[in-house]
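**Q** Next up is a structure, given as structure tokens.
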Amino acid sequence: MHGEYKVPGGKLVVVDLSVHEGRLSQVQVSGDFFLEPAETLGAINAALEGQPVSADEAALARRVQKVLEPPVATFGFDANAVAVAVRRALS
Amino acid sequence: MSRPRWNDLDWQLVHEAPQMPALHMALDQVLTDAVAQGERPPTLRVWEWAGPAVVIGRFQSLRNEVDADAARQHGIDVVRRISGGGAMFIEPGNTITYSLYAPEKMVEGMSFAESYAHLDAWVIEALGALGIKAWYQPLNDIASEIGKIGGAAQTRRGGAVLHHVTMAYDIDAAKMLNVLRVGREKLSDKGTTSADKRVDPLRSQTGLAREAVIDRMIATFRQRHGLRDHALSAQEKAQAEQLVEERFATPEWTGIVP
């Protein structure tokens, strides 16, 4: 499943995932955004892995925000944008 | 310590003969780290391409962005750089690419958006001197009245900032769209809405050869900030070649976001 969200005035966030027994699986976030340090991308994927498919945008954004606290820095996207892309992939 | 200004730094120019795409990726890492460790003064590197390439951003999905079969058909190398941002389509002679390697202190206290505009202010001036009214379009584009001219990307490593830019000189849009999987909503970002156009803002608007545009850009930088001609050291070249083998030419790195 595939979802995309272009942040207004920002960058594109893409999510590819599958669903296994009602939970997100093999979550891969990608896009033309900026993220420091780069390794944080794996933490974003891990934060989403196993979340119930019923999780709403706010709940998903809260999960992602936990791994984006300083000193992690994002440019062109945020936790909400990732959550929107996940919901789009699921719908 | 206060934020160093452009002219406080001893800028060096590296402009080597054409190099393969994966080596360019490696040089960005080697030279950023060299500046971070104080082994190299702040540097402007102008790239020359030995072959065609698609360069994808650090966080882009390889299969979402690139049509691997089309790239193979056209003999195009697919490489991944260490900075974020979007995919670029390169053929020797069709783009102008450069990197700045600077101490991170130079952009200390700036937002990302401010640092992008700050590090490309000299380019906006250079384009103006060539008769192109250009401006910085947040987040990371250099734009003009006839559309996007280029895109910038940054990453920060160990106390240094890497800031690199690719500008379209004369791009074959049909081939670009054949190789890049560009979504419809992203097309405007690539400077074209039609696959049968050439994207040639610098060529058509300056009437100058690519080399002449580069010479004028370098002259503007030299005049504004000072710039001494320099070369890669043997050690830097060896480190970069090793990184090509170990990282930038490997499927593990290129497919790190599959």
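Ordered as shown in the structure tokens, chains take letters A, B, and onward, while each chain numbers its residues from 1 and ligands are numbered from 1 in the order shown.
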Per residue of chain B within 12 Å of chain A, note the shortest atom pair and the distance in Å to one decimal, counting only C-alpha atoms, and order the rows by chain and increasing residue number, as a tab-separated table.
**A**
residue	atom	partner	partner_atom	distance
B:Val55	CA	A:Asp32	CA	11.9
B:Ile56	CA	A:Asp32	CA	8.7
B:Gly57	CA	A:Asp32	CA	6.4
B:Arg58	CA	A:Ala38	CA	7.7
B:Phe59	CA	A:Ser30	CA	5.2
B:Gln60	CA	A:Gly31	CA	4.7
B:Ser61	CA	A:Ser30	CA	5.7
B:Leu62	CA	A:Ser30	CA	9.4
B:Arg63	CA	A:Ser30	CA	10.9
B:Asn64	CA	A:Val14	CA	9.1
B:Glu65	CA	A:Gly31	CA	9.3
B:Arg81	CA	A:Ala38	CA	11.6
B:Ile82	CA	A:Ala38	CA	8.5
B:Ser83	CA	A:Phe34	CA	7.4
B:Gly84	CA	A:Phe34	CA	4.7
B:Gly85	CA	A:Asp32	CA	4.1
B:Gly86	CA	A:Asp32	CA	4.6
B:Ala87	CA	A:Asp32	CA	7.8
B:Met88	CA	A:Asp32	CA	11.1
B:Ser111	CA	A:Phe75	CA	9.4
B:Phe112	CA	A:Phe75	CA	7.0
B:Ala113	CA	A:Phe75	CA	8.3
B:Glu114	CA	A:Phe75	CA	11.7
B:Ser115	CA	A:Phe75	CA	11.7
B:Tyr116	CA	A:Phe75	CA	11.3
B:Gln137	CA	A:Gly9	CA	9.9
B:Pro138	CA	A:Gly9	CA	7.6
B:Leu139	CA	A:Gly10	CA	6.7
B:Asn140	CA	A:Gly10	CA	9.3
B:Asp141	CA	A:Gly10	CA	11.2
B:Gly151	CA	A:Asp32	CA	11.4
B:Ala152	CA	A:Phe34	CA	11.1
B:Ala153	CA	A:Phe34	CA	8.1
B:Gln154	CA	A:Phe34	CA	8.0
B:Thr155	CA	A:Glu36	CA	7.3
B:Arg156	CA	A:Glu36	CA	7.4
B:Arg157	CA	A:Pro37	CA	8.6
B:Gly158	CA	A:Pro37	CA	10.7
B:Val161	CA	A:Glu36	CA	11.6
B:Val182	CA	A:Leu12	CA	11.6
B:Gly183	CA	A:Glu4	CA	10.1
B:Arg184	CA	A:Lys6	CA	11.8
B:Glu185	CA	A:Lys6	CA	8.6
B:Lys186	CA	A:Leu12	CA	8.7
B:Asp189	CA	A:Lys11	CA	10.5
B:Gly255	CA	A:Ser30	CA	11.9
B:Ile256	CA	A:Gly42	CA	10.3
B:Val257	CA	A:Ser30	CA	7.2
B:Pro258	CA	A:Gln28	CA	8.5
**Q** DSSP on the backbone: what in chain A comes out alpha helix (DSSP H), as an MDAnalysis selection string?
**A** chainID A and resid 40:48 57:65 79:90
**Q** Would you compute the distance between CA of Trp47 in chain B and CA of Arg3 in chain B? Give it in Å to one decimal.
**A**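 Separation of CA of Trp47 in chain B and CA of Arg3 in chain B: 27.9 Å.
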**Q** Just want the 9 Å neighbourhood of Thr40 in chain A, counted on only C-alpha atoms, with same-chain residues fewer than 4 positions away dropped. Output as a ChimeraX atom specification.
**A** /A:35-36,44-45,67-68,72
**Q** So that I have them on file, write out the residues from the current selection with N, CA, C and O atoms, as a PDB file, in the first residue's frame.
**A**
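Wrote selection.pdb, looks like this:
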ATOM      1  N   LEU A  35      16.400  15.510   6.853  1.00  0.00           N
ATOM      2  CA  LEU A  35      16.316  14.940   8.191  1.00  0.00           C
ATOM      3  C   LEU A  35      17.727  14.744   8.731  1.00  0.00           C
ATOM      4  O   LEU A  35      18.574  14.133   8.074  1.00  0.00           O
ATOM      5  N   GLU A  36      17.975  15.290   9.903  1.00  0.00           N
ATOM      6  CA  GLU A  36      19.288  15.133  10.540  1.00  0.00           C
ATOM      7  C   GLU A  36      19.102  14.613  11.960  1.00  0.00           C
ATOM      8  O   GLU A  36      18.296  15.176  12.700  1.00  0.00           O
ATOM      9  N   ILE A  44      11.817   6.388  12.553  1.00  0.00           N
ATOM     10  CA  ILE A  44      10.447   6.746  12.146  1.00  0.00           C
ATOM     11  C   ILE A  44       9.705   5.490  11.691  1.00  0.00           C
ATOM     12  O   ILE A  44       8.565   5.227  12.105  1.00  0.00           O
ATOM     13  N   ASN A  45      10.373   4.690  10.845  1.00  0.00           N
ATOM     14  CA  ASN A  45       9.753   3.441  10.384  1.00  0.00           C
ATOM     15  C   ASN A  45       9.395   2.546  11.563  1.00  0.00           C
ATOM     16  O   ASN A  45       8.295   1.981  11.628  1.00  0.00           O
ATOM     17  N   VAL A  67      10.153  10.387  18.080  1.00  0.00           N
ATOM     18  CA  VAL A  67      11.519  10.159  17.581  1.00  0.00           C
ATOM     19  C   VAL A  67      12.066  11.389  16.843  1.00  0.00           C
ATOM     20  O   VAL A  67      13.180  11.354  16.323  1.00  0.00           O
ATOM     21  N   LEU A  68      11.264  12.447  16.803  1.00  0.00           N
ATOM     22  CA  LEU A  68      11.721  13.661  16.095  1.00  0.00           C
ATOM     23  C   LEU A  68      12.056  14.812  17.044  1.00  0.00           C
ATOM     24  O   LEU A  68      12.282  15.939  16.608  1.00  0.00           O
ATOM     25  N   VAL A  72      17.182  15.920  16.919  1.00  0.00           N
ATOM     26  CA  VAL A  72      16.767  15.578  15.555  1.00  0.00           C
ATOM     27  C   VAL A  72      16.166  16.826  14.906  1.00  0.00           C
ATOM     28  O   VAL A  72      15.441  17.584  15.555  1.00  0.00           O
TER      29      VAL A  72
END
**Q** What's around Pro52 in chain A at 10 Å? Count only C-alpha atoms, leave out sequence neighbours fewer than 3 positions away in its own chain, and write the answer as a list in words.
**A**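 Residues meeting the cut-off are Val19, His20, Glu21, Gly22, Arg23, Leu24, Ser25, Leu48, Glu49, Ala55, Asp56 and Leu60 of chain A.
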**Q** Write down as a count of residues only the residues of chain A whose backbone DSSP state falls under strand (DSSP E or B).
**A** 30
**Q** Quick one: residues within 12 Å of range 233-243 of chain B, only C-alpha atoms counted, chain neighbours fewer than 3 positions away excluded, as an mmCIF file with C-alpha atoms, in the first residue's frame?
**A**
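Wrote result_36.cif, looks like this:
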data_model
loop_
_atom_site.group_PDB
_atom_site.id
_atom_site.type_symbol
_atom_site.label_atom_id
_atom_site.label_comp_id
_atom_site.auth_asym_id
_atom_site.auth_seq_id
_atom_site.Cartn_x
_atom_site.Cartn_y
_atom_site.Cartn_z
ATOM 1 C CA VAL B 14 38.404 22.651 -6.482
ATOM 2 C CA GLU B 16 38.753 18.887 -11.434
ATOM 3 C CA GLN B 19 34.632 12.287 -12.639
ATOM 4 C CA MET B 20 32.189 9.396 -12.408
ATOM 5 C CA PRO B 21 28.920 9.960 -10.515
ATOM 6 C CA ALA B 22 29.724 7.627 -7.610
ATOM 7 C CA LEU B 23 33.047 9.405 -7.082
ATOM 8 C CA HIS B 24 31.231 12.736 -6.813
ATOM 9 C CA MET B 25 29.039 11.245 -4.076
ATOM 10 C CA ALA B 26 32.129 10.043 -2.234
ATOM 11 C CA LEU B 27 33.980 13.340 -2.613
ATOM 12 C CA ASP B 28 31.096 15.147 -0.933
ATOM 13 C CA GLN B 29 31.514 12.937 2.116
ATOM 14 C CA VAL B 30 35.323 13.098 2.157
ATOM 15 C CA LEU B 31 35.544 16.872 1.736
ATOM 16 C CA THR B 32 32.759 17.619 4.238
ATOM 17 C CA ASP B 33 34.573 15.492 6.808
ATOM 18 C CA ALA B 34 37.925 17.097 5.937
ATOM 19 C CA VAL B 35 36.475 20.572 6.582
ATOM 20 C CA GLU B 39 42.138 19.304 7.515
ATOM 21 C CA ARG B 40 40.885 21.377 4.601
ATOM 22 C CA HIS B 230 43.366 24.389 -5.177
ATOM 23 C CA GLU B 246 32.747 0.355 0.051
ATOM 24 C CA ARG B 247 29.652 2.499 -0.135
ATOM 25 C CA PHE B 248 28.600 4.645 -3.058
ATOM 26 C CA ALA B 249 28.843 2.013 -5.813
ATOM 27 C CA THR B 250 27.180 -0.713 -3.726
ATOM 28 C CA TRP B 253 23.800 2.031 -0.225
#
**Q** Tell me which of A:Ala46, A:Val7, A:Val27, A:Ala89 sits closest to Lys66 in chain A, counting only C-alpha atoms.
**A**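 Once distances to Lys66 in chain A are computed over only C-alpha atoms, the minimum belongs to A:Ala46.
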**Q** For the atom pair CA of Glu91 in chain B and CA of Leu127 in chain B, what is the interatomic distance in Å to one decimal place?
**A**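 These two atoms are separated by 21.6 Å.
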**Q** Tyr169 in chain B: which residues within 6 Å, counting only C-alpha atoms, same-chain residues fewer than 3 positions away excluded, as a list in words?
**A**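 Selected residues are Asn94, Thr95, Asp200, Leu202 and Arg203 of chain B.
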**Q** Take the residues that were just selected and, keeping N, CA and C atoms, output them as a compact mmCIF listing (two decimals), in the first residue's frame.
**A**
# COMPACT_ATOMS: atom_id res chain seq x y z
N ASN B 94 24.73 19.08 -19.29
CA ASN B 94 23.37 19.61 -19.21
C ASN B 94 23.05 20.30 -17.90
N THR B 95 23.94 20.18 -16.93
CA THR B 95 23.69 20.85 -15.65
C THR B 95 24.97 21.54 -15.17
N ASP B 200 16.02 24.60 -20.38
CA ASP B 200 17.32 25.20 -20.69
C ASP B 200 17.42 26.65 -20.24
N LEU B 202 19.42 28.37 -18.32
CA LEU B 202 20.72 29.05 -18.35
C LEU B 202 21.23 29.21 -19.77
N ARG B 203 21.03 28.20 -20.60
CA ARG B 203 21.51 28.29 -21.98
C ARG B 203 20.72 29.34 -22.76
**Q** Might you pull out every residue within 8 Å of Asn80 in chain A, with only C-alpha atoms counted and same-chain residues fewer than 5 positions away left off, and present them as a ChimeraX atom specification?
**A** /A:57-58,60-61
**Q** Which one of A:Val86, A:Glu69, A:Ser91, A:Ala81 sits closest to Gln51 in chain A if you count only C-alpha atoms?
**A**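 Result for the nearest residue to Gln51 in chain A: A:Val86.
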**Q** Have a look at A:Ala47, A:Glu4, A:Val53, A:Ala59 and name the one nearest to Ser18 in chain A; count only C-alpha atoms.
**A**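 With only C-alpha atoms as the atom set, the closest residue is A:Val53.
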**Q** Pick out the closest residue to Ser54 in chain A from this set: A:Leu90, A:Tyr5, A:Leu17, A:Gln26. Count only C-alpha atoms.
**A**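 Ranking A:Leu90, A:Tyr5, A:Leu17, A:Gln26 by distance to Ser54 in chain A, first place goes to A:Leu90.
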